[in-house]
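*Asks:* Below you'll find run-v1.txt; it's compact mmCIF, C-alpha atoms and all ligand atoms.
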```txt
# COMPACT_ATOMS: atom_id res chain seq x y z
CA MET J 40 0.00 0.00 0.00
CA GLU J 41 1.56 3.28 -1.12
CA LYS J 42 0.46 6.71 0.08
CA ARG J 43 0.01 9.14 -2.82
CA GLU J 44 -1.23 12.73 -3.27
CA LYS J 45 -3.47 14.72 -0.95
CA LEU J 46 -7.06 14.61 -2.25
CA TYR J 47 -8.90 16.71 0.30
CA GLU J 48 -8.23 18.54 3.54
CA GLY J 49 -11.06 19.04 6.03
CA LYS J 50 -11.09 20.63 9.48
CA ALA J 51 -9.93 17.54 11.36
CA LYS J 52 -8.66 15.11 8.69
CA ILE J 53 -6.70 14.91 5.45
CA ILE J 54 -7.58 12.33 2.80
CA TYR J 55 -4.73 10.90 0.68
CA ALA J 56 -4.92 8.75 -2.44
CA THR J 57 -3.20 5.37 -2.50
CA ASP J 58 -1.93 3.20 -5.37
CA GLU J 59 -5.34 1.49 -5.31
CA PRO J 60 -8.10 3.67 -6.82
CA ASP J 61 -10.86 2.46 -4.48
CA LYS J 62 -8.87 2.90 -1.25
CA VAL J 63 -7.79 6.12 0.47
CA ILE J 64 -6.00 7.04 3.70
CA ALA J 65 -7.58 9.26 6.36
CA TYR J 66 -4.98 11.17 8.42
CA TYR J 67 -6.29 12.57 11.73
CA LYS J 68 -4.98 16.07 12.52
CA ASP J 69 -4.58 17.75 15.91
CA ASP J 70 -6.80 20.66 14.82
CA ALA J 71 -10.00 21.30 16.73
CA THR J 72 -12.80 23.59 15.58
CA ALA J 73 -16.20 24.47 17.00
CA PHE J 74 -19.14 26.68 16.08
CA ASP J 75 -18.49 26.30 12.34
CA ALA J 76 -14.79 26.89 12.79
CA ILE J 77 -15.19 30.23 14.61
CA LYS J 78 -13.28 28.71 17.53
CA LYS J 79 -10.02 27.01 16.51
CA ALA J 80 -7.06 25.40 18.24
CA THR J 81 -4.39 22.80 17.74
CA ILE J 82 -4.50 20.25 20.53
CA LYS J 83 -1.46 18.00 20.67
CA GLY J 84 -2.46 14.34 20.70
CA LYS J 85 -6.10 14.75 19.62
CA GLY J 86 -5.56 13.26 16.15
CA GLU J 87 -3.99 10.11 17.48
CA LEU J 88 -6.70 9.61 20.11
CA ASN J 89 -9.50 10.11 17.56
CA ASN J 90 -7.90 7.77 15.03
CA ARG J 91 -7.58 5.04 17.64
CA ILE J 92 -11.08 5.57 19.06
CA ALA J 93 -12.70 5.76 15.59
CA SER J 94 -10.82 2.63 14.47
CA PHE J 95 -12.15 0.78 17.52
CA PHE J 96 -15.76 1.89 16.88
CA PHE J 97 -15.66 1.14 13.13
CA ASP J 98 -14.19 -2.29 13.79
CA LEU J 99 -16.94 -2.99 16.35
CA LEU J 100 -19.63 -1.83 13.89
CA ASN J 101 -18.16 -3.85 10.99
CA ARG J 102 -18.26 -6.94 13.20
CA GLU J 103 -21.90 -6.16 14.06
CA GLY J 104 -22.78 -6.12 10.34
CA ILE J 105 -22.94 -2.34 9.74
CA PRO J 106 -21.41 -1.51 6.32
CA THR J 107 -18.65 1.06 6.92
CA HIS J 108 -15.81 2.56 4.90
CA PHE J 109 -13.24 1.32 7.45
CA ILE J 110 -10.69 -1.27 6.32
CA LYS J 111 -7.97 -1.07 8.99
CA GLN J 112 -5.92 1.17 11.22
CA LEU J 113 -2.55 1.84 9.55
CA SER J 114 -0.68 3.89 12.13
CA ASP J 115 -1.28 6.13 15.14
CA ARG J 116 -2.87 8.81 12.97
CA GLU J 117 -3.92 6.98 9.83
CA MET J 118 -6.63 4.56 8.79
CA LEU J 119 -7.20 2.85 5.46
CA ILE J 120 -10.74 3.40 4.20
CA LYS J 121 -12.81 2.69 1.11
CA ARG J 122 -13.21 5.60 -1.26
CA VAL J 123 -16.85 6.69 -1.15
CA GLU J 124 -18.92 9.58 -2.47
CA ILE J 125 -19.90 11.49 0.68
CA ILE J 126 -23.57 12.49 0.94
CA PRO J 127 -23.54 16.11 2.21
CA VAL J 128 -26.09 15.40 4.95
CA GLU J 129 -25.08 15.09 8.61
CA VAL J 130 -27.25 12.57 10.44
CA VAL J 131 -27.62 13.29 14.17
CA VAL J 132 -29.09 10.77 16.63
CA ARG J 133 -30.16 12.00 20.07
CA ASN J 134 -30.90 9.88 23.15
CA LEU J 135 -30.87 12.79 25.60
CA ALA J 136 -31.38 16.51 24.99
CA ALA J 137 -28.12 18.49 24.88
CA GLY J 138 -26.48 21.12 22.71
CA SER J 139 -28.35 22.75 19.85
CA ILE J 140 -31.74 21.15 20.52
CA VAL J 141 -31.77 22.68 24.00
CA ARG J 142 -30.88 26.12 22.62
CA ARG J 143 -33.20 25.94 19.59
CA LEU J 144 -36.35 24.37 21.01
CA GLY J 145 -36.01 25.09 24.73
CA ILE J 146 -36.23 21.39 25.60
CA PRO J 147 -34.70 20.92 29.08
CA GLU J 148 -31.23 19.37 29.04
CA LYS J 149 -31.18 15.57 29.71
CA THR J 150 -34.79 15.07 28.50
CA LYS J 151 -34.91 11.46 27.30
CA PHE J 152 -35.94 10.79 23.69
CA GLU J 153 -37.65 7.43 23.45
CA PRO J 154 -37.49 6.45 20.61
CA PRO J 155 -34.25 8.32 19.84
CA LEU J 156 -34.49 11.34 17.54
CA VAL J 157 -32.92 11.21 14.08
CA GLU J 158 -32.25 14.60 12.48
CA PHE J 159 -30.67 15.71 9.22
CA TYR J 160 -28.43 18.74 8.71
CA LEU J 161 -26.90 20.19 5.55
CA LYS J 162 -23.10 19.78 5.61
CA ASN J 163 -22.24 23.40 4.84
CA ASP J 164 -20.25 25.57 7.26
CA GLU J 165 -21.01 28.82 5.39
CA LEU J 166 -24.72 28.23 5.97
CA HIS J 167 -23.98 26.99 9.54
CA ASP J 168 -25.12 23.39 8.88
CA PRO J 169 -28.87 24.20 8.81
CA ILE J 170 -31.36 21.55 9.87
CA LEU J 171 -33.16 19.82 6.96
CA CYS J 172 -36.50 18.10 6.73
CA GLU J 173 -36.83 15.19 4.32
CA GLN J 174 -38.53 17.30 1.64
CA HIS J 175 -35.52 19.63 1.63
CA ILE J 176 -33.24 16.64 1.01
CA TYR J 177 -35.32 15.56 -2.02
CA ALA J 178 -35.86 19.12 -3.35
CA MET J 179 -32.09 19.72 -3.25
CA GLY J 180 -31.37 16.31 -4.76
CA LEU J 181 -29.06 15.41 -1.88
CA ALA J 182 -30.32 11.83 -1.48
CA THR J 183 -33.25 9.65 -2.58
CA PRO J 184 -36.07 8.51 -0.26
CA GLU J 185 -34.54 5.00 -0.29
CA GLU J 186 -31.16 6.42 0.74
CA VAL J 187 -32.72 8.51 3.53
CA ALA J 188 -34.59 5.44 4.82
CA LYS J 189 -31.34 3.46 4.79
CA MET J 190 -29.39 6.22 6.57
CA ARG J 191 -32.09 6.41 9.26
CA GLU J 192 -32.14 2.61 9.70
CA LEU J 193 -28.34 2.39 9.94
CA ALA J 194 -28.10 5.41 12.27
CA LEU J 195 -30.56 3.81 14.69
CA LYS J 196 -28.72 0.47 14.53
CA VAL J 197 -25.39 2.23 15.20
CA ASN J 198 -27.06 3.95 18.16
CA GLU J 199 -28.26 0.67 19.64
CA ILE J 200 -24.81 -0.93 19.31
CA LEU J 201 -22.79 2.01 20.63
CA LYS J 202 -25.27 2.98 23.37
CA LYS J 203 -25.23 -0.55 24.81
CA PHE J 204 -21.47 -0.89 24.46
CA MET J 205 -20.71 2.48 26.10
CA GLU J 206 -23.26 1.86 28.85
CA GLU J 207 -21.22 -1.23 29.80
CA GLN J 208 -18.15 1.03 30.10
CA GLY J 209 -19.97 3.44 32.43
CA ILE J 210 -20.50 6.05 29.70
CA THR J 211 -23.80 7.55 28.51
CA LEU J 212 -24.04 8.06 24.75
CA VAL J 213 -26.01 11.33 24.67
CA ASP J 214 -25.96 12.06 20.95
CA PHE J 215 -23.72 11.79 17.89
CA LYS J 216 -23.33 12.78 14.24
CA LEU J 217 -22.78 10.38 11.35
CA GLU J 218 -21.97 10.84 7.68
CA PHE J 219 -22.71 8.31 4.99
CA GLY J 220 -21.28 7.69 1.54
CA ARG J 221 -22.20 5.85 -1.64
CA LYS J 222 -20.06 2.89 -2.66
CA ASP J 223 -21.07 0.66 -5.62
CA GLY J 224 -24.73 1.66 -5.18
CA GLU J 225 -24.74 0.90 -1.45
CA ILE J 226 -24.95 3.28 1.51
CA VAL J 227 -21.99 2.90 3.85
CA LEU J 228 -21.10 4.60 7.11
CA ALA J 229 -18.20 7.02 6.53
CA ASP J 230 -16.32 9.95 8.11
CA GLU J 231 -15.48 9.34 11.79
CA ILE J 232 -17.01 8.35 15.11
CA SER J 233 -15.03 9.88 17.94
CA PRO J 234 -15.38 12.24 20.91
CA ASP J 235 -15.28 15.03 18.28
CA THR J 236 -18.60 13.81 16.87
CA CYS J 237 -20.34 12.28 19.91
CA ARG J 238 -21.40 13.47 23.34
CA PHE J 239 -20.18 11.09 26.03
CA TRP J 240 -21.06 11.67 29.70
CA ASP J 241 -19.51 9.76 32.59
CA LYS J 242 -22.46 7.87 34.09
CA LYS J 243 -21.33 8.40 37.68
CA THR J 244 -20.05 11.97 37.65
CA GLY J 245 -21.84 13.44 34.62
CA GLU J 246 -18.48 14.74 33.36
CA SER J 247 -18.31 15.51 29.61
CA LEU J 248 -15.64 13.36 27.94
CA ASP J 249 -16.05 14.82 24.43
CA LYS J 250 -15.54 17.97 22.35
CA ASP J 251 -17.84 19.99 24.65
CA ARG J 252 -14.68 20.25 26.80
CA PHE J 253 -13.22 22.40 24.00
CA ARG J 254 -16.47 24.10 22.90
CA PHE J 255 -17.31 25.33 26.40
CA ASP J 256 -13.87 25.24 28.11
CA LEU J 257 -14.93 22.45 30.46
CA GLY J 258 -11.45 20.98 30.93
CA ASP J 259 -8.48 19.44 29.17
CA LEU J 260 -9.70 17.80 25.95
CA VAL J 261 -6.95 15.19 25.72
CA GLU J 262 -7.63 14.01 29.27
CA GLY J 263 -11.31 13.38 28.43
CA TYR J 264 -10.57 11.59 25.14
CA ARG J 265 -7.90 9.50 26.85
CA LYS J 266 -10.45 8.32 29.44
CA ILE J 267 -12.66 7.11 26.57
CA LEU J 268 -9.78 5.30 24.83
CA GLU J 269 -8.65 3.66 28.07
CA LYS J 270 -12.12 2.21 28.59
CA LEU J 271 -12.21 0.87 25.04
CA GLU J 272 -8.73 -0.63 25.25
CA LYS J 273 -9.67 -2.52 28.41
CA LYS J 274 -12.25 -4.33 26.30
CA GLN J 275 -9.73 -5.68 23.78
P1 LIG J 301 -25.55 19.71 18.29
O1 LIG J 301 -26.17 19.55 19.64
O2 LIG J 301 -24.57 20.85 18.23
O3 LIG J 301 -26.56 19.76 17.19
O4 LIG J 301 -24.67 18.39 18.05
C1 LIG J 301 -25.25 17.12 18.07
C2 LIG J 301 -24.15 16.06 17.97
O5 LIG J 301 -23.50 16.12 16.71
C3 LIG J 301 -23.02 16.22 18.99
O6 LIG J 301 -22.64 14.93 19.44
C4 LIG J 301 -21.90 16.86 18.24
C5 LIG J 301 -22.11 16.39 16.83
N1 LIG J 301 -21.76 17.39 15.83
C6 LIG J 301 -20.72 17.16 14.95
O7 LIG J 301 -20.08 16.12 15.01
N2 LIG J 301 -20.44 18.10 14.00
C7 LIG J 301 -21.13 19.26 13.89
O8 LIG J 301 -20.83 20.05 13.00
C8 LIG J 301 -22.19 19.49 14.82
C9 LIG J 301 -22.98 20.77 14.76
C10 LIG J 301 -22.47 18.54 15.76
N1 LIG J 302 -17.36 20.59 13.78
C1 LIG J 302 -18.03 21.84 13.70
C2 LIG J 302 -17.08 23.00 13.52
O1 LIG J 302 -15.96 22.87 13.28
C3 LIG J 302 -19.00 22.14 14.79
C4 LIG J 302 -18.90 21.46 16.10
O2 LIG J 302 -18.57 20.28 16.18
O3 LIG J 302 -19.20 22.12 17.11
O4 LIG J 302 -17.40 24.12 13.62
```
Have the structure of the file written as structure tokens, please.
Ligand code: TMP
Ligand code: ASP

*Replies:*
Amino acid sequence: MEKREKLYEGKAKIIYATDEPDKVIAYYKDDATAFDAIKKATIKGKGELNNRIASFFFDLLNREGIPTHFIKQLSDREMLIKRVEIIPVEVVVRNLAAGSIVRRLGIPEKTKFEPPLVEFYLKNDELHDPILCEQHIYAMGLATPEEVAKMRELALKVNEILKKFMEEQGITLVDFKLEFGRKDGEIVLADEISPDTCRFWDKKTGESLDKDRFRFDLGDLVEGYRKILEKLEKKQ
């Protein structure tokens, strides 16, 4: 496997081509952003922690039968993934109210959503990732009704798997964001699953162990992410 040219650089990752056209390398950077990149920092060690945590979660999901882009972890900061066409829709699953839904709708924090909520947002920082209803997705030609149904089904399955798994580690999975891609006509889970894209609360203390530490200056980010990784590594 040979690493070739840079194909794309996002806020937290760089995607490189390889000598195989259907495989690419995701490199996890130390950059952190919040509020559509208004708040920015470089946090030493974040990229490595996220790569290792995301590799663990993707491997778990692959074993549970969820189709993902993940092939294998290559190094501390790199994973080998399938090349997919990313659907520009962010799929958010919420088990408990936190973050934007509290601010936008005035729902009290920690309100339980049973069944969990599935929401769609347009992946567009300039427009501040606005929330979408299904008709918007079809009117904009972002995805078909079949694809939306599949993304919803997979997002809820991912939630069941990760919620149960994290619960066993003493962590509450509050909410998370997923991105999906198209690969040979199939919908596959893509992007990353990490404390950058999930809310994790310590069940006993309520402590945030995710990017809210950076968003709201709640404490050292690396320390929180390391607590998550340590719990996962104990399971191996
Ligand atoms: P929100 O409460 O800000 O809407 O976020 C819901 C979940 O989605 C939370 O776990 C953080 C994650 N998220 C991202 O991964 N990327 C984003 O751009 C946003 C807005 C949220
Ligand atoms: N990832 C987004 C940004 O960079 C938002 C967030 O996660 O808070 O702004």

*Asks:* Enumerate as a list in words the residues within 6 Å of ligand LIG 301 (chain J), counting all atoms listed in the file.

*Replies:*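 Using all atoms listed in the file, I find these residues within 6 Å of ligand LIG 301 (chain J): Val131, Ala137, Gly138, Ser139, Ile140, Asp214, Phe215, Lys216, Asp235, Thr236, Cys237 and Arg238 of chain J.
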
*Asks:* Using C-alpha atoms, can you write the selected residues to a file as a PDB file, keeping the file's coordinate frame?

*Replies:*
```
ATOM      1  CA  VAL J 131     -27.620  13.290  14.170  1.00  0.00           C
ATOM      2  CA  ALA J 137     -28.120  18.490  24.880  1.00  0.00           C
ATOM      3  CA  GLY J 138     -26.480  21.120  22.710  1.00  0.00           C
ATOM      4  CA  SER J 139     -28.350  22.750  19.850  1.00  0.00           C
ATOM      5  CA  ILE J 140     -31.740  21.150  20.520  1.00  0.00           C
ATOM      6  CA  ASP J 214     -25.960  12.060  20.950  1.00  0.00           C
ATOM      7  CA  PHE J 215     -23.720  11.790  17.890  1.00  0.00           C
ATOM      8  CA  LYS J 216     -23.330  12.780  14.240  1.00  0.00           C
ATOM      9  CA  ASP J 235     -15.280  15.030  18.280  1.00  0.00           C
ATOM     10  CA  THR J 236     -18.600  13.810  16.870  1.00  0.00           C
ATOM     11  CA  CYS J 237     -20.340  12.280  19.910  1.00  0.00           C
ATOM     12  CA  ARG J 238     -21.400  13.470  23.340  1.00  0.00           C
TER      13      ARG J 238
END
```

*Asks:* J:Gln112, J:Asn134, J:Thr244, J:Thr183: which is nearest J:Tyr67, counting all atoms listed in the file?

*Replies:*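 Of J:Gln112, J:Asn134, J:Thr244, J:Thr183, the one nearest J:Tyr67, counting all atoms listed in the file, is J:Gln112.
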
*Asks:* Name the residues, by chain letter and number, that sit within 12 Å of ligand LIG 302 (chain J) using all atoms listed in the file, and give them as an NGL selection string.

*Replies:* :J and (49-52 or 70-80 or 129 or 131 or 138-139 or 160 or 162-169 or 215-217 or 231 or 233-238 or 249-255)

*Asks:* Within 10 Å of J:Glu87, counting all atoms listed in the file, which residues show up once you throw out same-chain ones fewer than 4 positions away? Write them as a PyMOL selection string, please.

*Replies:* chain J and resi 66-69+83+91-93+114-117

*Asks:* Between J:Ile267, J:Ile53, J:Lys274, J:Pro184, which has the minimum distance to J:Leu88 (counting only C-alpha atoms)?

*Replies:*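 Looking only at the distances to J:Leu88, the closest residue turns out to be J:Ile267.
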
*Asks:* Tell me, in Å to one decimal, how far atom CA of J:Ile176 is from atom CA of J:Arg191.

*Replies:*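 Distance reported for this atom pair: 13.2 Å.
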
*Asks:* Please provide as a PDB file with C-alpha atoms, in the frame of the given file all residues within 12 Å of J:Lys202, with the sequence filter that same-chain residues fewer than 2 positions apart are discarded (counting only C-alpha atoms).

*Replies:*
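So around.pdb came out as:
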```pdb
ATOM      1  CA  PHE J  96     -15.760   1.890  16.880  1.00  0.00           C
ATOM      2  CA  VAL J 132     -29.090  10.770  16.630  1.00  0.00           C
ATOM      3  CA  ARG J 133     -30.160  12.000  20.070  1.00  0.00           C
ATOM      4  CA  ASN J 134     -30.900   9.880  23.150  1.00  0.00           C
ATOM      5  CA  LEU J 135     -30.870  12.790  25.600  1.00  0.00           C
ATOM      6  CA  PRO J 155     -34.250   8.320  19.840  1.00  0.00           C
ATOM      7  CA  ALA J 194     -28.100   5.410  12.270  1.00  0.00           C
ATOM      8  CA  LEU J 195     -30.560   3.810  14.690  1.00  0.00           C
ATOM      9  CA  LYS J 196     -28.720   0.470  14.530  1.00  0.00           C
ATOM     10  CA  VAL J 197     -25.390   2.230  15.200  1.00  0.00           C
ATOM     11  CA  ASN J 198     -27.060   3.950  18.160  1.00  0.00           C
ATOM     12  CA  GLU J 199     -28.260   0.670  19.640  1.00  0.00           C
ATOM     13  CA  ILE J 200     -24.810  -0.930  19.310  1.00  0.00           C
ATOM     14  CA  PHE J 204     -21.470  -0.890  24.460  1.00  0.00           C
ATOM     15  CA  MET J 205     -20.710   2.480  26.100  1.00  0.00           C
ATOM     16  CA  GLU J 206     -23.260   1.860  28.850  1.00  0.00           C
ATOM     17  CA  GLU J 207     -21.220  -1.230  29.800  1.00  0.00           C
ATOM     18  CA  GLN J 208     -18.150   1.030  30.100  1.00  0.00           C
ATOM     19  CA  GLY J 209     -19.970   3.440  32.430  1.00  0.00           C
ATOM     20  CA  ILE J 210     -20.500   6.050  29.700  1.00  0.00           C
ATOM     21  CA  THR J 211     -23.800   7.550  28.510  1.00  0.00           C
ATOM     22  CA  LEU J 212     -24.040   8.060  24.750  1.00  0.00           C
ATOM     23  CA  VAL J 213     -26.010  11.330  24.670  1.00  0.00           C
ATOM     24  CA  ASP J 214     -25.960  12.060  20.950  1.00  0.00           C
ATOM     25  CA  PHE J 215     -23.720  11.790  17.890  1.00  0.00           C
ATOM     26  CA  CYS J 237     -20.340  12.280  19.910  1.00  0.00           C
ATOM     27  CA  ARG J 238     -21.400  13.470  23.340  1.00  0.00           C
ATOM     28  CA  PHE J 239     -20.180  11.090  26.030  1.00  0.00           C
ATOM     29  CA  TRP J 240     -21.060  11.670  29.700  1.00  0.00           C
TER      30      TRP J 240
END
```

*Asks:* Quick one: pull the distance between atom CA of J:Arg43 and atom CA of J:Val63, Å, one decimal.

*Replies:*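 Spanning atom CA of J:Arg43 to atom CA of J:Val63 is a straight-line distance of 9.0 Å.
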
*Asks:* Can you tell me, as a count of residues only, what residues are no more than 9 Å from J:Glu186 when counting all atoms listed in the file, ignoring any on the same chain fewer than 4 positions away?

*Replies:* 5

*Asks:* Give me the residues near J:Val187 as JSON, numbers by chain, where near means some atom within 10 Å (using all atoms listed in the file) and where sequence neighbours in that chain fewer than 6 positions away do not count.

*Replies:* {"J": [128, 130, 159, 173, 176, 177, 181, 193, 226]}

*Asks:* Kindly indicate which residue among J:Asp98, J:Lys62, J:Leu248, J:Lys242 lies nearest to J:Glu269, using only C-alpha atoms for the distances.

*Replies:*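 Going through J:Asp98, J:Lys62, J:Leu248, J:Lys242 one by one, the smallest distance to J:Glu269 is for J:Leu248.
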
*Asks:* Counting all atoms listed in the file, what is within 10 Å of J:Leu113, bar same-chain residues fewer than 3 positions away, as an MDAnalysis selection string?

*Replies:* chainID J and resid 64:66 90 94 110 116:120

*Asks:* Give the answer as one residue: which of J:Leu260, J:Leu99, J:Val123, J:Leu46 has the shortest atom-to-atom distance to J:Asp223, using all atoms listed in the file?

*Replies:*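 Looking at the shortest contact to J:Asp223, the residue is J:Val123.
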
*Asks:* By how many Å are atom CA of J:Val261 and atom CA of J:Gly245 apart?

*Replies:* 17.4 Å

*Asks:* Grab all the atoms of stretch 204-222 of chain J that the file lists, wrap them in a box along x, y and z, add 4 Å per side, and give me centre plus edge lengths in Å (one decimal) as lines of an AutoDock Vina configuration file.

*Replies:*
```
center_x = -22.1
center_y = 5.8
center_z = 14.9
size_x = 15.9
size_y = 22.0
size_z = 43.1
```
